[in-house]
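Down below is the structure, laid out as structure tokens.
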Protein chains: 2
Amino acid sequence: MKTVTGIGQASWDYLGLVDEYPSGDTKKEVLQWEEQGGGPVATALVTLQRLGVQTRFHGVVGDDREGDRIRESLTDEGVDVSGLRIREGSASQVAFIVIEQGSGKRTIFWRRPTGPPLEPEEAGALFLEGADFLLLDGLMAEVSIHAARKARSEGVPVMIDAGRVREGMLELARLSDYVVGSEEFARDLGFDGDTEAFRHLLWKEGFPVTTITLGERGSITFNNDEVFRTEAFRVDVVDTTGAGDVFHGGYIYGLLEGWELRKTVIFASALSALKCRFMGGRRGIASLSEVMEFLRERNAPFFSSP
Amino acid sequence: MKTVTGIGQASWDYLGLVDEYPSGDTKKEVLQWEEQGGGPVATALVTLQRLGVQTRFHGVVGDDREGDRIRESLTDEGVDVSGLRIREGSASQVAFIVIEQGSGKRTIFWRRPTGPPLEPEEAGALFLEGADFLLLDGLMAEVSIHAARKARSEGVPVMIDAGRVREGMLELARLSDYVVGSEEFARDLGFDGDTEAFRHLLWKEGFPVTTITLGERGSITFNNDEVFRTEAFRVDVVDTTGAGDVFHGGYIYGLLEGWELRKTVIFASALSALKCRFMGGRRGIASLSEVMEFLRERNAPFFSSP
């Protein structure tokens, strides 16, 4: 059985469904309100668990109610949380996510953990033991760079989930084997829709294989000279929260299976689309049999790829 | 000792401070996150308690964590919650309030209780016993109209906190002795800044004494032929959440003291301004000595009024 180690964010998410995202200084009635575990790395690991991959999470929470919920939401899925540190007297990562009915748009208000980030020495000597893959989101820059270097020296492949260009992000990208990032991240780097110019920029910056997710417009993957696009699967979108996180989980699954890149990206897109049919980052994460059935139903080019 | 009965909303508020209210479909980091009791009637009663007035709250919560917090936040202040009903298997009123740093603007995402509203028979025969005043916010229309009629027949003065023109609101206004409403409420009624036209409209609609709060632009009060404006006190505004609720509490205090209307409104404005120096609806609610000291410091026309 394959094992994936993740270092990064775990959040406790409050979700509110509204008919329309409001302008400021008004009152808006929420039609549906719920709570769910979230956070880029944590949700990607939950995705891998549902696909049958063993995972370990390293990160921090506070000693608060949300920290307890975050831990439970991971252990309930079988994620190994022995690397989850509790920061006494501090608060956990939380978010309030406004979901606009019918549009698939979500606005995320998030607060990072108030305690100190995970330290490189806390990741310990063993965080890569038996690991087949390392996933980072780069929010805790120091421990992430430490971990990426160590993985590199041990031959463990690394993916960075790149949300924005933050401190340490470019160094992390160069230390990684896969950069899977958002459109905002690509724009931060200078992407203006000109694919060839962006391919050249990534090459100049020393980026590895890079996939940029574009929501309902699918994704673009840059692999040296090769550039390919994939379409997003059409589903009845309830909420796109966590769509990117689930994409990362699916992407890693494909890589662990040894699939070709295009097949891997199609698989990740299918998982991501299935998630969007439900509110919150995790409720809609499909099992392996569900996503395979969906790919068959849609006659996806998945089965014709190596 | 005077007693005020309130029937209406009690909320558990999550508050997030941001540098700027974001446009939709983005991620915004929250600088400060906290939780606090809220809700129009509940916060007005807490205001009265801090001024030394005895209060009783009637409303509903769910059997959830937020319901427990709502109850505690009231009993901690000395509010009598024997009229607070727990709806089994339902969720309490909650809100997420986005506070924009420096601007005093707040955007409220709120979810009403998911259980059934308070029924007229649940208010019981005794909800007005010993009451010197009744405060309503009209969200639960049926019980509010029942209570207003009963108060009228027993000679207990009634104030309606009018947020918007909802079902039953006009009937409630006519049954009340005081309508204290927001600018949105006035606009719903047709107020376009023409004070004389609005005075005529209120008279035609059979409204009693009506005060419209205008945030940093103060307030306008309509009392038959008399119309007067008051200025808002200038303070370093952190958060305007609950400013209206605290205004209602202060207004009732002045009426119970037998103060003239203008003096009452100045007192309510001072309390409201003091609240705005702190985050959340309740932390900044002043005591009687604090507000009196503030009024003296500012040389407010409070002391020259009858």
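Ligands are numbered from 1 in the order shown, chains are lettered A, B, ... in the order of the structure tokens, and residues start at 1 in each chain.
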Chain B contacts on chain A, only C-alpha atoms, 7 Å, as a PyMOL selection string:
chain A and resi 21+24-31+105-111
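Neighbouring residues of A:Arg187 at 10 Å or closer, counting only C-alpha atoms and skipping chain neighbours under 4 positions away, are A:Arg164, A:Val165, A:Ser182, A:Glu183, A:Phe191, A:Asp192, A:Gly193, A:Phe198.
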Could you name the residues that touch B:Val180 at 9 Å or less, counting only C-alpha atoms, but leaving out those on the same chain fewer than 3 positions away, as a PyMOL selection string?
chain B and resi 159-163+209-213+221+244+247-248+251
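Contact shell of B:Gly249 at 9 Å (only C-alpha atoms; same-chain neighbours under 2 positions omitted): Val41, Thr43, Ala44, Leu45, Val46, Thr47, Leu48, Gly244, Asp245, Val246, Phe247, Tyr251, Ile252, Tyr253, Gly254, Ala268 and Leu271 of chain B.
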Selection export as a compact mmCIF listing (two decimals), in the first residue's frame, atoms kept: N, CA and C atoms:
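Okay, again39.txt is ready:
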# COMPACT_ATOMS: atom_id res chain seq x y z
N VAL B 41 -32.91 41.95 19.92
CA VAL B 41 -33.57 42.06 21.23
C VAL B 41 -32.64 41.63 22.35
N THR B 43 -29.38 41.69 22.60
CA THR B 43 -28.33 42.67 22.90
C THR B 43 -28.91 43.93 23.53
N ALA B 44 -30.12 44.31 23.14
CA ALA B 44 -30.77 45.46 23.79
C ALA B 44 -31.02 45.16 25.27
N LEU B 45 -31.41 43.91 25.57
CA LEU B 45 -31.67 43.55 26.98
C LEU B 45 -30.36 43.53 27.78
N VAL B 46 -29.28 43.05 27.16
CA VAL B 46 -27.98 43.06 27.84
C VAL B 46 -27.59 44.52 28.14
N THR B 47 -27.87 45.42 27.21
CA THR B 47 -27.60 46.86 27.43
C THR B 47 -28.35 47.35 28.66
N LEU B 48 -29.64 47.00 28.76
CA LEU B 48 -30.46 47.43 29.90
C LEU B 48 -29.94 46.84 31.21
N GLY B 244 -27.13 49.50 16.65
CA GLY B 244 -28.57 49.74 16.70
C GLY B 244 -29.22 49.08 17.90
N ASP B 245 -28.80 47.87 18.21
CA ASP B 245 -29.39 47.12 19.33
C ASP B 245 -29.15 47.86 20.65
N VAL B 246 -27.93 48.37 20.79
CA VAL B 246 -27.56 49.10 22.00
C VAL B 246 -28.34 50.42 22.07
N PHE B 247 -28.54 51.03 20.92
CA PHE B 247 -29.35 52.26 20.83
C PHE B 247 -30.75 52.00 21.39
N TYR B 251 -32.43 53.79 24.59
CA TYR B 251 -33.68 54.53 24.34
C TYR B 251 -34.73 54.12 25.38
N ILE B 252 -34.87 52.82 25.57
CA ILE B 252 -35.85 52.34 26.56
C ILE B 252 -35.48 52.82 27.96
N TYR B 253 -34.17 52.82 28.25
CA TYR B 253 -33.73 53.29 29.57
C TYR B 253 -34.21 54.73 29.81
N GLY B 254 -34.00 55.60 28.81
CA GLY B 254 -34.42 57.00 28.93
C GLY B 254 -35.92 57.14 29.13
N ALA B 268 -29.11 57.46 24.14
CA ALA B 268 -29.00 56.23 23.34
C ALA B 268 -27.84 56.34 22.34
N LEU B 271 -24.45 55.79 24.16
CA LEU B 271 -24.23 54.37 24.45
C LEU B 271 -23.81 53.63 23.18
Residues near stretch 64-68 of chain A, cut-off 8 Å, only C-alpha atoms, skip fewer than 5 positions along chain, as an MDAnalysis selection string
chainID A and resid 12 86 90:94
